[in-house]
Amino acid sequence: MGKTVIQNGMIITVDRDDRVLDKGYLVIEGNKITEIGAGDYQGEADCVVDAAGKAVLPGIVDAHSHVAGSLFKALTEDPENGFYGLSLPMEGQLTPETTYHLSLLGAVEQMKAGITCTNDIYHYMDRVTQAFYDIGMRAVVSQNIVDVDIAALRYDDYTRYPKMGQDFVEQNIRLIEDWNGKDDGRITCRFGPHATDTVSLELAKQIVELGEKYGVGFHTHISQSPREAKYVQETYGFSCLGYLKESGLLGEHLMGAHCIYISDDDVKMLAESRTPMLHCAEMLGKRGHVPPVKRMFDEGVRLILGTDWVTQDCWTNMRAAISMDRMAGCTVHDMNAKKALRKSTIEPAEALGLDDKIGSLEAGKQADIILIDLQSPNLTPMFDDPVATLVYNANRHDVCDVMIAGRWTVRDHLLKTAEEKEILANGQKIANEIYQAHLASKNADWNH
Ligand SMILES: [Zn+2]
């Protein structure tokens, strides 16, 4: 591997001091950034990339996703009860092979928006991981573990199936054994207890023990619906946060999405335990769900941003988070452009324990880098706060180049690691087939 220099670009480091170099260079050797500086690079290089007129940023780190959920685009936003009534039952039509192709589609959507690393949890995770690996993306992966029939939740049917739980645990263990640390740490693994209502307390305790044994963290959903909050309260006599505490899941080792229906005491528990709270504002906004964000900021909860699924656009998600949080009473000091970018880069990297590798542009870190074309009307004019210009105005098609672990995966808007046309065609065909099969199935009853 030779030495690549990216020069003449505006370098937005997102380092500790949020340094911005109006005109600077980055030196990349192998999969790492070895030097970063202002002005012109004086040394020799094998490859020089002229980034004049472009901003150079660390790749976006998505705190919470299900890339294969790109399947549900425009199917689930407007129908009433699209989540329990359509998404979850329709997932029953997925196979390992179709999940692989839909994951490729979702991963390309993410990558072309500038997301270089995502924290993903889903079904058939071995195949999802294969898609990340094939497309050249960095990912933290967890197998969805449940011990209920997800399609039956709309009838409030929480019958437990212990054998099912153990099968998923086995799959998660295999995922860790096969993939954890693969390709110099480009793929890492966690355990994925799906949510506080879909995993029995007993199973959650077992998963915590396994996490300790394998030395990996956890990824879950917390209180994402009134149904979940009610079920947990009625079944155990405590809240979803109480369940997490009781099981041992609560803490810095847990990536916990949503936390919508939670009390002031729960917010305190989140803050005190330093549990990262994965805020998926764009998706939640579409469902009309708003977590108690003002209290979270006041208590010092570690709130970071994720796209979740369906639409995986980190830029619209940053704006949705700022808007939602301010509508929910947050101030401009709680949430602003600089914070939205940090909560989409270095802070999720810290939460995932990967901040020594990714999340900012610094010498010694992995070369996960995105270039944004500034020569567009939506990014003009630019004053002295380029981060604000980008966060409030960039759209994903402004991202022109993406490098992950020192390898160009997108160059001048073109996907370099696979045939994009084929991925889109496969995605459309599979989505049609799954939708038709769902409509013909016994689960096609949306009214619950
Ligand atoms: Zn989710």
# chains A, B, ... in the order shown; residues from 1 in each chain; ligands from 1

call {"tool": "select_by_dssp", "arguments": {"residues": "stretch 38-148 of chain A", "states": "helix (DSSP H, G or I)", "output": "PyMOL selection string"}}
result
chain A and resi 67-72+82-93+96-113+125-135

call {"tool": "write_last_selection", "arguments": {"atoms": "N, CA and C atoms", "output": "CSV table (one decimal), in the first residue's frame"}}
result
chain,number,residue,atom,x,y,z
A,67,VAL,N,-30.0,-2.0,8.7
A,67,VAL,CA,-29.9,-1.6,7.2
A,67,VAL,C,-30.9,-2.3,6.3
A,68,ALA,N,-31.1,-3.6,6.7
A,68,ALA,CA,-32.1,-4.3,5.8
A,68,ALA,C,-33.5,-3.8,5.9
A,69,GLY,N,-33.7,-2.9,6.9
A,69,GLY,CA,-35.0,-2.3,7.0
A,69,GLY,C,-35.3,-1.2,6.0
A,70,SER,N,-34.3,-1.0,5.1
A,70,SER,CA,-34.5,-0.2,3.9
A,70,SER,C,-35.7,-0.7,3.1
A,71,LEU,N,-36.1,-2.0,3.4
A,71,LEU,CA,-37.2,-2.6,2.7
A,71,LEU,C,-38.5,-1.8,2.9
A,72,PHE,N,-38.6,-1.2,4.1
A,72,PHE,CA,-40.0,-0.6,4.4
A,72,PHE,C,-40.2,0.8,3.9
A,82,GLY,N,-48.1,1.2,11.5
A,82,GLY,CA,-47.2,0.6,10.5
A,82,GLY,C,-46.2,-0.3,11.1
A,83,PHE,N,-45.8,0.0,12.4
A,83,PHE,CA,-44.7,-0.7,13.0
A,83,PHE,C,-45.1,-2.1,13.4
A,84,TYR,N,-46.1,-2.2,14.4
A,84,TYR,CA,-46.5,-3.5,14.9
A,84,TYR,C,-47.4,-4.2,13.8
A,85,GLY,N,-48.1,-3.4,13.0
A,85,GLY,CA,-49.1,-4.0,12.1
A,85,GLY,C,-48.5,-4.4,10.8
A,86,LEU,N,-47.4,-3.8,10.4
A,86,LEU,CA,-46.9,-4.1,9.1
A,86,LEU,C,-45.4,-4.6,9.1
A,87,SER,N,-44.5,-3.7,9.7
A,87,SER,CA,-43.1,-4.0,9.6
A,87,SER,C,-42.8,-5.3,10.3
A,88,LEU,N,-43.2,-5.5,11.6
A,88,LEU,CA,-42.8,-6.7,12.3
A,88,LEU,C,-43.4,-8.0,11.7
A,89,PRO,N,-44.7,-8.0,11.3
A,89,PRO,CA,-45.2,-9.2,10.7
A,89,PRO,C,-44.6,-9.5,9.3
A,90,MET,N,-44.3,-8.4,8.6
A,90,MET,CA,-43.7,-8.6,7.2
A,90,MET,C,-42.3,-9.1,7.3
A,91,GLU,N,-41.6,-8.9,8.4
A,91,GLU,CA,-40.2,-9.4,8.6
A,91,GLU,C,-40.2,-11.0,8.5
A,92,GLY,N,-41.4,-11.6,8.8
A,92,GLY,CA,-41.5,-13.0,8.7
A,92,GLY,C,-41.3,-13.6,7.4
A,93,GLN,N,-41.3,-12.7,6.3
A,93,GLN,CA,-41.1,-13.2,5.0
A,93,GLN,C,-39.6,-13.2,4.6
A,96,PRO,N,-32.5,-15.7,4.8
A,96,PRO,CA,-31.1,-15.3,4.9
A,96,PRO,C,-30.6,-14.6,3.6
A,97,GLU,N,-31.0,-15.1,2.5
A,97,GLU,CA,-30.5,-14.6,1.2
A,97,GLU,C,-31.1,-13.2,0.9
A,98,THR,N,-32.5,-13.1,1.1
A,98,THR,CA,-33.1,-11.8,0.8
A,98,THR,C,-32.6,-10.7,1.8
A,99,THR,N,-32.3,-11.2,3.0
A,99,THR,CA,-31.8,-10.2,4.0
A,99,THR,C,-30.4,-9.7,3.6
A,100,TYR,N,-29.6,-10.6,3.0
A,100,TYR,CA,-28.3,-10.2,2.5
A,100,TYR,C,-28.4,-9.1,1.4
A,101,HIS,N,-29.3,-9.3,0.5
A,101,HIS,CA,-29.4,-8.3,-0.6
A,101,HIS,C,-30.0,-7.0,-0.1
A,102,LEU,N,-31.0,-7.1,0.8
A,102,LEU,CA,-31.6,-5.9,1.3
A,102,LEU,C,-30.6,-5.1,2.2
A,103,SER,N,-29.7,-5.9,2.8
A,103,SER,CA,-28.6,-5.3,3.6
A,103,SER,C,-27.6,-4.5,2.8
A,104,LEU,N,-27.3,-5.2,1.6
A,104,LEU,CA,-26.4,-4.5,0.7
A,104,LEU,C,-27.0,-3.1,0.3
A,105,LEU,N,-28.3,-3.2,0.0
A,105,LEU,CA,-29.0,-2.0,-0.4
A,105,LEU,C,-28.9,-0.9,0.7
A,106,GLY,N,-29.3,-1.3,1.9
A,106,GLY,CA,-29.3,-0.3,3.0
A,106,GLY,C,-27.8,0.2,3.3
A,107,ALA,N,-26.9,-0.7,3.2
A,107,ALA,CA,-25.5,-0.3,3.5
A,107,ALA,C,-25.0,0.7,2.4
A,108,VAL,N,-25.4,0.5,1.2
A,108,VAL,CA,-25.0,1.4,0.1
A,108,VAL,C,-25.7,2.8,0.4
A,109,GLU,N,-26.9,2.7,0.8
A,109,GLU,CA,-27.6,4.0,1.1
A,109,GLU,C,-26.9,4.7,2.2
A,110,GLN,N,-26.5,4.0,3.2
A,110,GLN,CA,-25.8,4.6,4.3
A,110,GLN,C,-24.5,5.2,3.9
A,111,MET,N,-23.7,4.3,3.2
A,111,MET,CA,-22.3,4.7,2.8
A,111,MET,C,-22.3,5.9,1.9
A,112,LYS,N,-23.3,6.0,0.9
A,112,LYS,CA,-23.3,7.1,0.0
A,112,LYS,C,-23.7,8.4,0.7
A,113,ALA,N,-24.3,8.3,1.9
A,113,ALA,CA,-24.7,9.4,2.7
A,113,ALA,C,-23.5,9.9,3.5
A,125,MET,N,-28.2,-12.2,11.2
A,125,MET,CA,-27.1,-11.2,11.2
A,125,MET,C,-25.8,-11.6,10.6
A,126,ASP,N,-25.6,-12.9,10.5
A,126,ASP,CA,-24.5,-13.4,9.7
A,126,ASP,C,-24.5,-12.9,8.3
A,127,ARG,N,-25.7,-12.9,7.7
A,127,ARG,CA,-25.8,-12.4,6.3
A,127,ARG,C,-25.7,-10.9,6.2
A,128,VAL,N,-26.2,-10.2,7.2
A,128,VAL,CA,-26.1,-8.8,7.2
A,128,VAL,C,-24.6,-8.4,7.3
A,129,THR,N,-23.9,-9.1,8.2
A,129,THR,CA,-22.5,-8.8,8.4
A,129,THR,C,-21.7,-9.1,7.1
A,130,GLN,N,-22.1,-10.2,6.4
A,130,GLN,CA,-21.5,-10.5,5.1
A,130,GLN,C,-21.6,-9.3,4.2
A,131,ALA,N,-22.8,-8.7,4.2
A,131,ALA,CA,-23.0,-7.5,3.3
A,131,ALA,C,-22.1,-6.4,3.6
A,132,PHE,N,-22.0,-6.1,4.9
A,132,PHE,CA,-21.1,-5.0,5.4
A,132,PHE,C,-19.7,-5.3,4.9
A,133,TYR,N,-19.3,-6.6,5.1
A,133,TYR,CA,-17.9,-7.0,4.8
A,133,TYR,C,-17.7,-6.8,3.3
A,134,ASP,N,-18.6,-7.3,2.5
A,134,ASP,CA,-18.5,-7.3,1.0
A,134,ASP,C,-18.4,-5.9,0.5
A,135,ILE,N,-19.2,-5.0,1.1
A,135,ILE,CA,-19.3,-3.6,0.5
A,135,ILE,C,-18.2,-2.7,1.1

call {"tool": "residues_around", "arguments": {"residues": "stretch 404-406 of chain A", "least_positions_apart": "6", "cutoff": "8 Å", "atoms": "only C-alpha atoms", "output": "PyMOL selection string"}}
result
chain A and resi 28-32+59+116+136-138+186+366-369

call {"tool": "write_last_selection", "arguments": {"atoms": "N, CA and C atoms", "output": "PDB file, in the first residue's frame"}}
result
ATOM      1  N   ILE A  28      -2.414   9.423   4.268  1.00  0.00           N
ATOM      2  CA  ILE A  28      -2.968   8.101   4.581  1.00  0.00           C
ATOM      3  C   ILE A  28      -1.982   7.025   4.132  1.00  0.00           C
ATOM      4  N   GLU A  29      -1.606   6.181   5.072  1.00  0.00           N
ATOM      5  CA  GLU A  29      -0.732   5.048   4.731  1.00  0.00           C
ATOM      6  C   GLU A  29      -1.387   3.775   5.245  1.00  0.00           C
ATOM      7  N   GLY A  30      -1.566   2.813   4.335  1.00  0.00           N
ATOM      8  CA  GLY A  30      -2.290   1.599   4.711  1.00  0.00           C
ATOM      9  C   GLY A  30      -3.704   1.973   5.089  1.00  0.00           C
ATOM     10  N   ASN A  31      -4.179   1.496   6.247  1.00  0.00           N
ATOM     11  CA  ASN A  31      -5.558   1.828   6.634  1.00  0.00           C
ATOM     12  C   ASN A  31      -5.627   2.988   7.624  1.00  0.00           C
ATOM     13  N   LYS A  32      -4.486   3.691   7.813  1.00  0.00           N
ATOM     14  CA  LYS A  32      -4.466   4.740   8.843  1.00  0.00           C
ATOM     15  C   LYS A  32      -4.131   6.133   8.320  1.00  0.00           C
ATOM     16  N   GLY A  59     -15.740  10.009   8.790  1.00  0.00           N
ATOM     17  CA  GLY A  59     -16.967   9.312   8.419  1.00  0.00           C
ATOM     18  C   GLY A  59     -17.981   9.374   9.553  1.00  0.00           C
ATOM     19  N   THR A 116     -19.801   5.711   7.581  1.00  0.00           N
ATOM     20  CA  THR A 116     -18.716   4.748   7.334  1.00  0.00           C
ATOM     21  C   THR A 116     -18.741   3.608   8.334  1.00  0.00           C
ATOM     22  N   GLY A 136     -17.410  -3.230   2.032  1.00  0.00           N
ATOM     23  CA  GLY A 136     -16.253  -2.480   2.544  1.00  0.00           C
ATOM     24  C   GLY A 136     -16.577  -1.531   3.674  1.00  0.00           C
ATOM     25  N   MET A 137     -17.734  -1.741   4.332  1.00  0.00           N
ATOM     26  CA  MET A 137     -18.133  -0.842   5.407  1.00  0.00           C
ATOM     27  C   MET A 137     -17.645  -1.339   6.760  1.00  0.00           C
ATOM     28  N   ARG A 138     -17.483  -0.416   7.692  1.00  0.00           N
ATOM     29  CA  ARG A 138     -17.167  -0.788   9.067  1.00  0.00           C
ATOM     30  C   ARG A 138     -18.493  -0.988   9.803  1.00  0.00           C
ATOM     31  N   ARG A 186     -12.403  -4.201  11.461  1.00  0.00           N
ATOM     32  CA  ARG A 186     -13.456  -3.486  10.715  1.00  0.00           C
ATOM     33  C   ARG A 186     -14.839  -3.990  11.131  1.00  0.00           C
ATOM     34  N   GLN A 366      -7.913   5.243  12.134  1.00  0.00           N
ATOM     35  CA  GLN A 366      -8.256   4.625  10.865  1.00  0.00           C
ATOM     36  C   GLN A 366      -8.654   5.700   9.844  1.00  0.00           C
ATOM     37  N   ALA A 367      -8.316   5.444   8.594  1.00  0.00           N
ATOM     38  CA  ALA A 367      -8.671   6.393   7.537  1.00  0.00           C
ATOM     39  C   ALA A 367     -10.106   6.163   7.095  1.00  0.00           C
ATOM     40  N   ASP A 368     -11.060   6.612   7.926  1.00  0.00           N
ATOM     41  CA  ASP A 368     -12.491   6.617   7.601  1.00  0.00           C
ATOM     42  C   ASP A 368     -12.846   8.077   7.339  1.00  0.00           C
ATOM     43  N   ILE A 369     -12.948   8.433   6.072  1.00  0.00           N
ATOM     44  CA  ILE A 369     -12.964   9.844   5.674  1.00  0.00           C
ATOM     45  C   ILE A 369     -14.036  10.073   4.621  1.00  0.00           C
TER      46      ILE A 369
END

call {"tool": "closest_residue", "arguments": {"among": "A:Asp46, A:Leu250, A:Glu209, A:Lys54", "to": "A:Leu390", "atoms": "only C-alpha atoms"}}
result
A:Lys54

call {"tool": "select_by_dssp", "arguments": {"residues": "stretch 134-297 of chain A", "states": "strand (DSSP E or B)", "output": "ChimeraX atom specification"}}
result
/A:138-145,187-193,195,218-222,254-258,277-279

call {"tool": "write_last_selection", "arguments": {"atoms": "N, CA and C atoms", "output": "mmCIF file, in the first residue's frame"}}
result
data_model
loop_
_atom_site.group_PDB
_atom_site.id
_atom_site.type_symbol
_atom_site.label_atom_id
_atom_site.label_comp_id
_atom_site.auth_asym_id
_atom_site.auth_seq_id
_atom_site.Cartn_x
_atom_site.Cartn_y
_atom_site.Cartn_z
ATOM 1 N N ARG A 138 -17.483 -0.416 7.692
ATOM 2 C CA ARG A 138 -17.167 -0.788 9.067
ATOM 3 C C ARG A 138 -18.493 -0.988 9.803
ATOM 4 N N ALA A 139 -18.563 -1.983 10.657
ATOM 5 C CA ALA A 139 -19.834 -2.227 11.348
ATOM 6 C C ALA A 139 -19.628 -2.896 12.697
ATOM 7 N N VAL A 140 -20.549 -2.584 13.588
ATOM 8 C CA VAL A 140 -20.652 -3.276 14.873
ATOM 9 C C VAL A 140 -21.979 -4.019 14.805
ATOM 10 N N VAL A 141 -21.943 -5.331 14.977
ATOM 11 C CA VAL A 141 -23.133 -6.133 14.658
ATOM 12 C C VAL A 141 -23.600 -6.974 15.847
ATOM 13 N N SER A 142 -24.919 -7.090 15.961
ATOM 14 C CA SER A 142 -25.535 -7.897 17.021
ATOM 15 C C SER A 142 -26.684 -8.693 16.428
ATOM 16 N N GLN A 143 -26.785 -9.944 16.820
ATOM 17 C CA GLN A 143 -27.934 -10.758 16.393
ATOM 18 C C GLN A 143 -29.141 -10.399 17.249
ATOM 19 N N ASN A 144 -30.263 -10.120 16.587
ATOM 20 C CA ASN A 144 -31.528 -9.916 17.282
ATOM 21 C C ASN A 144 -31.859 -11.159 18.111
ATOM 22 N N ILE A 145 -31.987 -11.014 19.418
ATOM 23 C CA ILE A 145 -32.398 -12.157 20.248
ATOM 24 C C ILE A 145 -33.775 -11.846 20.829
ATOM 25 N N ILE A 187 -14.919 -5.261 11.478
ATOM 26 C CA ILE A 187 -16.185 -5.808 11.996
ATOM 27 C C ILE A 187 -15.977 -6.164 13.474
ATOM 28 N N THR A 188 -16.855 -5.661 14.325
ATOM 29 C CA THR A 188 -16.852 -6.106 15.722
ATOM 30 C C THR A 188 -18.280 -6.491 16.108
ATOM 31 N N CYS A 189 -18.398 -7.234 17.192
ATOM 32 C CA CYS A 189 -19.708 -7.810 17.534
ATOM 33 C C CYS A 189 -20.143 -7.475 18.961
ATOM 34 N N ARG A 190 -21.442 -7.560 19.158
ATOM 35 C CA ARG A 190 -22.078 -7.398 20.466
ATOM 36 C C ARG A 190 -23.169 -8.456 20.587
ATOM 37 N N PHE A 191 -23.757 -8.544 21.768
ATOM 38 C CA PHE A 191 -24.969 -9.341 21.921
ATOM 39 C C PHE A 191 -26.173 -8.415 21.724
ATOM 40 N N GLY A 192 -27.254 -8.966 21.120
ATOM 41 C CA GLY A 192 -28.388 -8.129 20.751
ATOM 42 C C GLY A 192 -29.726 -8.523 21.350
ATOM 43 N N PRO A 193 -29.887 -8.454 22.674
ATOM 44 C CA PRO A 193 -31.237 -8.659 23.228
ATOM 45 C C PRO A 193 -32.158 -7.588 22.643
ATOM 46 N N ALA A 195 -35.286 -6.139 22.901
ATOM 47 C CA ALA A 195 -35.952 -5.061 23.635
ATOM 48 C C ALA A 195 -36.351 -5.575 25.011
ATOM 49 N N PHE A 218 -23.445 -4.789 24.490
ATOM 50 C CA PHE A 218 -24.833 -5.140 24.154
ATOM 51 C C PHE A 218 -25.498 -4.024 23.360
ATOM 52 N N HIS A 219 -26.573 -4.394 22.652
ATOM 53 C CA HIS A 219 -27.332 -3.431 21.849
ATOM 54 C C HIS A 219 -28.803 -3.792 21.991
ATOM 55 N N THR A 220 -29.635 -2.819 22.363
ATOM 56 C CA THR A 220 -31.056 -3.135 22.579
ATOM 57 C C THR A 220 -31.950 -1.943 22.265
ATOM 58 N N HIS A 221 -33.253 -2.187 22.327
ATOM 59 C CA HIS A 221 -34.259 -1.121 22.249
ATOM 60 C C HIS A 221 -34.877 -0.965 23.640
ATOM 61 N N ILE A 222 -35.124 0.277 24.024
ATOM 62 C CA ILE A 222 -35.660 0.542 25.365
ATOM 63 C C ILE A 222 -36.928 1.377 25.257
ATOM 64 N N LEU A 254 -23.918 -0.962 27.268
ATOM 65 C CA LEU A 254 -25.186 -1.127 26.547
ATOM 66 C C LEU A 254 -25.452 0.049 25.615
ATOM 67 N N MET A 255 -25.741 -0.251 24.346
ATOM 68 C CA MET A 255 -26.234 0.766 23.413
ATOM 69 C C MET A 255 -27.754 0.624 23.427
ATOM 70 N N GLY A 256 -28.457 1.654 23.924
ATOM 71 C CA GLY A 256 -29.899 1.526 24.125
ATOM 72 C C GLY A 256 -30.688 2.545 23.306
ATOM 73 N N ALA A 257 -31.479 2.042 22.363
ATOM 74 C CA ALA A 257 -32.199 2.935 21.455
ATOM 75 C C ALA A 257 -33.542 3.404 22.023
ATOM 76 N N HIS A 258 -33.866 4.648 21.757
ATOM 77 C CA HIS A 258 -35.195 5.270 21.876
ATOM 78 C C HIS A 258 -35.579 5.850 23.246
ATOM 79 N N MET A 277 -27.689 6.620 25.050
ATOM 80 C CA MET A 277 -29.079 6.611 24.588
ATOM 81 C C MET A 277 -29.070 6.985 23.099
ATOM 82 N N LEU A 278 -29.567 6.064 22.274
ATOM 83 C CA LEU A 278 -29.477 6.208 20.827
ATOM 84 C C LEU A 278 -30.745 6.888 20.318
ATOM 85 N N HIS A 279 -30.593 8.139 19.926
ATOM 86 C CA HIS A 279 -31.716 9.000 19.572
ATOM 87 C C HIS A 279 -31.905 8.971 18.056
#

call {"tool": "residues_near_ligand", "arguments": {"ligand": "ligand 1", "cutoff": "7 Å", "atoms": "only C-alpha atoms and all ligand atoms", "output": "MDAnalysis selection string"}}
result
chainID A and resid 64:66 221 257 308:309

call {"tool": "closest_atom_pairs", "arguments": {"of": "stretch 278-310 of chain A", "to": "stretch 333-345 of chain A", "cutoff": "9 Å", "atoms": "only C-alpha atoms", "output": "Markdown table"}}
result
| residue | atom | partner | partner_atom | distance |
| --- | --- | --- | --- | --- |
| A:Lys294 | CA | A:Asp334 | CA | 8.1 |
| A:Phe297 | CA | A:Asp334 | CA | 6.3 |
| A:Asp298 | CA | A:Asp334 | CA | 8.4 |
| A:Leu303 | CA | A:Lys343 | CA | 7.3 |
| A:Ile304 | CA | A:Lys343 | CA | 4.7 |
| A:Leu305 | CA | A:Ser344 | CA | 5.5 |
| A:Gly306 | CA | A:Ser344 | CA | 7.5 |

call {"tool": "write_last_selection", "arguments": {"atoms": "N, CA and C atoms", "output": "compact mmCIF listing (two decimals), in the first residue's frame"}}
result
# COMPACT_ATOMS: atom_id res chain seq x y z
N LYS A 294 -35.45 17.01 26.93
CA LYS A 294 -34.99 18.14 27.77
C LYS A 294 -34.47 17.62 29.10
N PHE A 297 -31.06 16.04 28.61
CA PHE A 297 -29.94 17.00 28.54
C PHE A 297 -29.66 17.57 29.93
N ASP A 298 -30.71 17.88 30.68
CA ASP A 298 -30.52 18.46 32.02
C ASP A 298 -29.80 17.50 32.96
N LEU A 303 -26.57 11.22 25.04
CA LEU A 303 -27.48 11.07 23.90
C LEU A 303 -26.68 11.17 22.59
N ILE A 304 -26.80 10.15 21.75
CA ILE A 304 -26.11 10.16 20.46
C ILE A 304 -27.11 9.78 19.36
N LEU A 305 -26.74 10.00 18.10
CA LEU A 305 -27.73 9.90 17.03
C LEU A 305 -27.60 8.65 16.16
N GLY A 306 -28.76 8.10 15.82
CA GLY A 306 -28.81 6.96 14.91
C GLY A 306 -29.94 7.15 13.91

call {"tool": "closest_residue", "arguments": {"among": "A:Ile176, A:Ala52, A:Ile36, A:Ile370", "to": "A:His413", "atoms": "only C-alpha atoms"}}
result
A:Ile370

call {"tool": "residues_around", "arguments": {"residues": "A:Gln224", "least_positions_apart": "3", "cutoff": "10 Å", "atoms": "only C-alpha atoms", "output": "list of chain:residue names"}}
result
A:Ala195, A:Thr196, A:Asp197, A:His221, A:Arg227, A:Glu228, A:Ala229, A:Cys240, A:Ala257, A:His258, A:Cys259, A:Ile260, A:Tyr261, A:Ile262, A:Leu284, A:His289, A:Val290, A:Pro291

call {"tool": "atom_distance", "arguments": {"atom1": "atom CA of A:Thr95", "atom2": "atom CA of A:Glu433"}}
result
11.7 Å

call {"tool": "atom_distance", "arguments": {"atom1": "atom CA of A:Ser376", "atom2": "atom CA of A:Ala55"}}
result
12.2 Å

call {"tool": "residues_around", "arguments": {"residues": "stretch 6-13 of chain A", "least_positions_apart": "2", "cutoff": "8 Å", "atoms": "only C-alpha atoms", "output": "PyMOL selection string"}}
result
chain A and resi 4+15+18-27+39-41+48-58+360-362+387

call {"tool": "closest_atom_pairs", "arguments": {"of": "stretch 200-223 of chain A", "to": "stretch 146-163 of chain A", "cutoff": "10 Å", "atoms": "only C-alpha atoms", "output": "JSON lines"}}
result
{"residue": "A:Ser200", "atom": "CA", "partner": "A:Asp147", "partner_atom": "CA", "distance": 6.9}
{"residue": "A:Glu202", "atom": "CA", "partner": "A:Pro162", "partner_atom": "CA", "distance": 9.8}
{"residue": "A:Leu203", "atom": "CA", "partner": "A:Asp147", "partner_atom": "CA", "distance": 8.2}
{"residue": "A:Ala204", "atom": "CA", "partner": "A:Val146", "partner_atom": "CA", "distance": 9.7}

call {"tool": "write_last_selection", "arguments": {"atoms": "N, CA and C atoms", "output": "short mmCIF file (atom, residue, chain, number, x, y, z; two decimals), in the first residue's frame"}}
result
data_model
loop_
_atom_site.label_atom_id
_atom_site.label_comp_id
_atom_site.auth_asym_id
_atom_site.auth_seq_id
_atom_site.Cartn_x
_atom_site.Cartn_y
_atom_site.Cartn_z
N SER A 200 -37.19 -12.23 27.82
CA SER A 200 -37.57 -12.42 29.23
C SER A 200 -36.40 -12.01 30.12
N GLU A 202 -35.10 -13.50 32.55
CA GLU A 202 -34.19 -14.63 32.74
C GLU A 202 -33.18 -14.73 31.58
N LEU A 203 -33.70 -14.60 30.37
CA LEU A 203 -32.84 -14.68 29.18
C LEU A 203 -31.86 -13.49 29.16
N ALA A 204 -32.35 -12.33 29.56
CA ALA A 204 -31.48 -11.14 29.58
C ALA A 204 -30.30 -11.36 30.53
#

call {"tool": "atom_distance", "arguments": {"atom1": "atom CA of A:Gly251", "atom2": "atom CA of A:Ala271"}}
result
9.4 Å
